[in-house]
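Q: Got a structure here, written out as structure tokens. Questions coming.
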Amino acid sequence: MADIGRLTRAHGATPWLTPVTLVRVVIVLSVLVVWQILAVSGWFYGDVVPTLRIVAVALFKLLSGGDFYWNLWATIEEVAIGLAIGGIAGIVAGLVVGANKFLAKAFEPYLYYLGPTPKIIFFPVMIMWFGTGYGSKIAMGAVSCFFPIALNVAAGMRQIDQVLIRVGQSFRANPWQMALKIYLPAMRHPIINGVRLGLGVALIGTLLAETKISNRGIGFMVIDAYTKFDMPRMYAILIVLFVLAIGANTLVARLGGLDDIKQK
Amino acid sequence: MASAGARRFLPSVVGFSSIVLILAVVEILIRVGLINRFIVPLPSDVAKSFGRVIVEEDILHRFLLTGWECLAAGILLTVFGVAIGVLLHQMPLFRRACETWVAAMASAPLVLAYPLFLVLFGRSALTIIMLAFIAGLAPVILKTIEGLSATRPVLIDVGRSFNLTPAQQFWKIYFPSALPTIFVGIRLGLIFALINVVGVEFLINFGGLGHLINELAERYDLPGTYAAICFVVLVSVVFFMATERAERWLTSAA
């Protein structure tokens with residue numbers, strides 16, 4: 001009884017200020033205070049660690065100006081097309097390699113070992129093939145996300161409940177029906193997880209490519225702020241970018257999780 | 001016996017020969033003129049330029065430079081990552097407050113902050129090392145916490161029944177039990193570090209192997225660029241395999 005009373009009280013009295021929230025607030029505040037102290041201490045050149053007010057003003061200017069949204073849209077477009085191309089190729093490759101033991105032994109080592117290589121080094125080749133415009137950025141995104149998605153889908157294929165496959169076979173489903181009705185629904189989770197990982201690396205690939213050669217996109221904005229030594233603007237762009245990237249990642253993971261709950 | 005051996009190696013042979021076949025087809029298509037040789041160099045030219053790139057571009061020195069940067073970043077992320085992981089595990093309140101932040105950090109494109117690091121640390125090896133360190137830190141922290149939390153209650157009780165001090169409890173019980181998982185984290189961190197070291201070298205035009213690719217591309221030395229890319233891919237594959245082997249050895253020993 002006493003326990004129940006304590007629990008209700010904890011829920012009723014302070015629903016928003018749990019000790020964890022308090023610790024988080026304290027950490028954030030102390031980081032901000034240390035930042036401000038460093039900014040006014042004069043240990044760094046003025047613009048390297050700008051005061052919080054300057055960063056806030058830069059953040060406001062960035063978010064209220066139109067060019068940020070234009071560049072953000074350019075990056076989103078490139079990442080989305082790259083993710084679509086690399087994702088579809090990855091899912092197809094994963095399905096093929098995952099369904100066939102022989103092909104898995106023949107080709108999966110290449111996927112597995114090429115997966116963790118740095119993809120940005122292919123950028124000079126991509127420029128040759130697709131030009132300096134958005135084509136090479138899309139290609140970077142596609143190449144980056146192909147590997148994690150293919151590997152996740154291949155691993156997911158092997159974990160499918162054999163009963164489901166036998167059900168499909170007993171209904172005499174053709175390969176296309178097998179893929180659409182059995183394999184893909186059964187592998188929602190590995191596919192979403194692969195897409196989540198793929199989104200992260202596609203974003204990195206595209207953004208880094210934009211910092212190298214480009215005239216649009218968030219990556220271009222960062223390197224442009226660097227060449228103009230507009231540090232407050234650079235901090236503002238990076239803050240917004242990290243928030244957006246973390247948000248997108250959480251969203252995809254949440255979607256995957258929700259699907260899982262519905263299944264149960 | 002022979003047929004069993006043949007069956008065992010058949011998939012690898014098929015995999016390897018399909019790659020050779022693709023290269024041969026590309027070679028023919030270029031020679032016929034269907035692929036522009038000023039965009040895709042002849043695979044045979046790329047193979048020939050390997051020796052030239054290794055000798056003329058001082059590849060051993062570059063390789064050592066990249067290796068040194070990775071090693072420095074690896075030491076940093078092992079020391080700080082494991083220490084932060086242990087601290088967070090010891091302080092459950094902080095752990096609950098920060099663990100999701102660390103996980104979020106792992107998904108943020110931190111490497112895009114490289115212009116910021118250029119300003120802070122200059123165009124030097126320090127920038128590359130610090131960036132690789134930051135990029136590889138999150139998995140080490142997360143895996144350290146995971147490993148320590150997964151210590152079997154029986155082992156903890158054994159430590160209690162021997163009246164171990166908290167320090168002894170940590171060094172004799174928690175740490176050895178968490179070690180295999182921590183190594184998984186360190187390996188992930190090292191892979192992230194290598195990717196970021198080579199990537200940033202390429203982007204800021206400084207240092208070892210990544211810089212080489214950029215330089216050859218800017219010289220429009222196409223076979224050389226392709227050869228250097230193959231070389232870097234080869235190096236990272238070998239690195240990946242070596243860490244995999246080390247991890248397997250360590251986890252089986254523990």
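Starting from 1 in every chain, residues are counted up; chains themselves are A, B, ... following the order of the structure tokens, and ligands are numbered from 1 as listed.
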Quick one: residues within 10 Å of Lys137 (chain A), only C-alpha atoms counted, chain neighbours fewer than 2 positions away excluded, as a count of residues only?
A: 29
Q: Go ahead and compute the interatomic distance for CA of Pro124 (chain A) and CA of Ile28 (chain B), in Å to one decimal.
A: 23.1 Å
Q: Find the residues of chain B that sit at most 9 Å from chain A; for each, write down the nearest two atoms and how far apart they are in Å, to one decimal. Count only C-alpha atoms. Sort by chain, then by number going up, and give it as a tab-separated table.
A:
```
residue	atom	partner	partner_atom	distance
B:Leu10	CA	A:Ala106	CA	8.1
B:Pro11	CA	A:Ala106	CA	4.3
B:Ser12	CA	A:Ala106	CA	4.9
B:Val13	CA	A:Ala106	CA	7.4
B:Val14	CA	A:Ala106	CA	6.1
B:Gly15	CA	A:Ala106	CA	4.3
B:Phe16	CA	A:Ala106	CA	7.7
B:Phe38	CA	A:Met128	CA	8.8
B:Ile39	CA	A:Met128	CA	5.8
B:Val40	CA	A:Met128	CA	8.1
B:Leu93	CA	A:Val20	CA	6.2
B:Phe94	CA	A:Val23	CA	6.9
B:Arg95	CA	A:Val20	CA	9.0
B:Arg96	CA	A:Val20	CA	6.5
B:Ala97	CA	A:Val20	CA	5.2
B:Cys98	CA	A:Arg24	CA	7.5
B:Ala104	CA	A:Ile246	CA	5.8
B:Met105	CA	A:Ile246	CA	7.7
B:Ala106	CA	A:Ile246	CA	9.0
B:Ser107	CA	A:Ile246	CA	6.1
B:Ala108	CA	A:Phe242	CA	5.5
B:Pro109	CA	A:Ile204	CA	5.6
B:Leu110	CA	A:Phe242	CA	7.7
B:Val111	CA	A:Ile204	CA	7.7
B:Leu112	CA	A:Leu208	CA	6.5
B:Ala113	CA	A:Leu238	CA	6.9
B:Pro115	CA	A:Tyr226	CA	6.1
B:Leu116	CA	A:Tyr226	CA	7.6
B:Leu118	CA	A:Tyr226	CA	9.0
B:Val119	CA	A:Val48	CA	7.2
B:Leu120	CA	A:Val48	CA	7.1
B:Ile191	CA	A:Pro116	CA	7.0
B:Phe192	CA	A:Pro116	CA	8.1
B:Leu194	CA	A:Pro118	CA	7.8
B:Ile195	CA	A:Pro118	CA	4.6
B:Asn196	CA	A:Pro118	CA	7.3
B:Val197	CA	A:Pro118	CA	9.0
B:Val198	CA	A:Pro118	CA	6.8
B:Gly199	CA	A:Ile120	CA	5.9
B:Phe202	CA	A:Ile121	CA	6.9
B:Leu203	CA	A:Lys212	CA	6.5
B:Ile204	CA	A:Lys212	CA	8.9
B:Gly210	CA	A:Ile121	CA	6.9
B:Ile213	CA	A:Ile121	CA	7.0
B:Asn214	CA	A:Pro124	CA	7.4
B:Ala217	CA	A:Pro124	CA	6.2
B:Glu218	CA	A:Pro124	CA	8.7
B:Leu222	CA	A:Val125	CA	8.8
B:Thr225	CA	A:Pro124	CA	8.1
B:Tyr226	CA	A:Val125	CA	7.8
B:Ile229	CA	A:Ile121	CA	6.6
B:Val232	CA	A:Thr117	CA	8.3
B:Val233	CA	A:Thr117	CA	6.1
B:Leu234	CA	A:Thr117	CA	8.8
B:Val235	CA	A:Thr117	CA	9.0
B:Ser236	CA	A:Thr117	CA	5.7
B:Val237	CA	A:Tyr113	CA	5.7
B:Val238	CA	A:Tyr113	CA	8.8
B:Phe240	CA	A:Tyr113	CA	7.2
B:Met241	CA	A:Tyr113	CA	7.8
```
Q: Please identify which residues in region 5-174 of chain B DSSP calls alpha helix (DSSP H) from the backbone, and express them as number ranges by chain.
A: B: 5-32, 43-56, 59-90, 92-107, 114-121, 125-149, 153-161, 166-168
Q: If you count only C-alpha atoms, which residues fall within 12 Å of region 55-62 of chain B, apart from same-chain ones fewer than 2 positions away, as a ChimeraX atom specification?
A: /B:49-53,64-69,198,201,206-213,215-216,224-225,227-228,231-232,235
